[in-house]
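Report on the structure given below.
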Amino acid sequence: MMKSIPYLLAFLIFSLSACDSPDPKYIEGNRKFLIGKWHRFSMANGYSEFDIDSQYIVFYNQKVGRFGLPYKIENDSLKYLTNHYAAKITDYGDSVLLEGNDSTKATLYRFKEPPAPFKTIPEVKDSSSFALYIAGFDKRLTREFEKAGIKISDGTEKREEPAYQELLEKSNNK
């Protein structure tokens, strides 16, 4: 019994010191958890995709197009280097919650497909790689809108005439 006390004491000391160590996701400058391909959908901003590397967040959506911003991680916050926007980051593994200094909240979801749905968001808009990216983007955008209950039509579906339009046509034919 006396021989096990030093082992128990050593285990207790190591356990307590391990609990006090900083979370590797939030060590200043660590961007590894954020690097990758992400997407988000909101009713206000539509569907967006993010291609994040160790220096830039490259963003593409149907409203704004493509742009990239340099960023840095300080403690548990993301800060753009060329903009006043900063956000507290909460990492959930397959998603990241950003709580912005402008009172916005955004959840980015990591792409789950084994091969990434896009390698990079191309810079040159008049290229075949950009055309391929846009084709895939449009499919992913449509899927996200449909998940939100919004049907996107390509214009080939036959429109149903409203009842009042039929009444107007009947009255004009008399």
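Just remember, in the structure tokens the first chain shown is A, the second B, etc., residues are 1-based per chain, and ligands are 1-based in the order shown.
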
Tell me, counting only C-alpha atoms, for each residue of region 86-151 of chain A within 9 Å of region 59-67 of chain A, which pair of atoms is nearest and how far apart they are in Å to one decimal, in rows ordered by chain and increasing number, as a tab-separated table.
```
residue	atom	partner	partner_atom	distance
A:Ile121	CA	A:Tyr60	CA	7.4
A:Pro122	CA	A:Arg66	CA	8.5
A:Glu123	CA	A:Arg66	CA	7.7
A:Phe137	CA	A:Asn61	CA	8.8
A:Asp138	CA	A:Gln62	CA	8.9
A:Leu141	CA	A:Gln62	CA	8.8
```

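For region 78-132 of chain A, backbone-based DSSP labels the following residues as strand (DSSP E): Leu78, Lys79, Tyr80, Ala86, Ala87, Lys88, Ile89, Thr90, Asp91, Ser95, Val96, Leu97, Leu98, Glu99, Gly100, Lys105, Ala106, Thr107, Leu108, Tyr109 and Arg110 of chain A.
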
(message) Using only C-alpha atoms, which protein or nucleic acid residues come within 9 Å of His84 (chain A)? Drop anything in the same chain fewer than 4 positions from it, and give the result as a PyMOL selection string.
(response) chain A and resi 79-80+101

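Here CA of Gln55 (chain A) stands at a distance of 10.8 Å from CA of Leu34 (chain A).
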
(request) Name the residues in contact with region 147-151 of chain A at a cut-off of 12 Å, using only C-alpha atoms, excluding same-chain residues fewer than 2 positions from it; report them as a PyMOL selection string. (result) chain A and resi 40-43+46-47+140-145+153-155+157
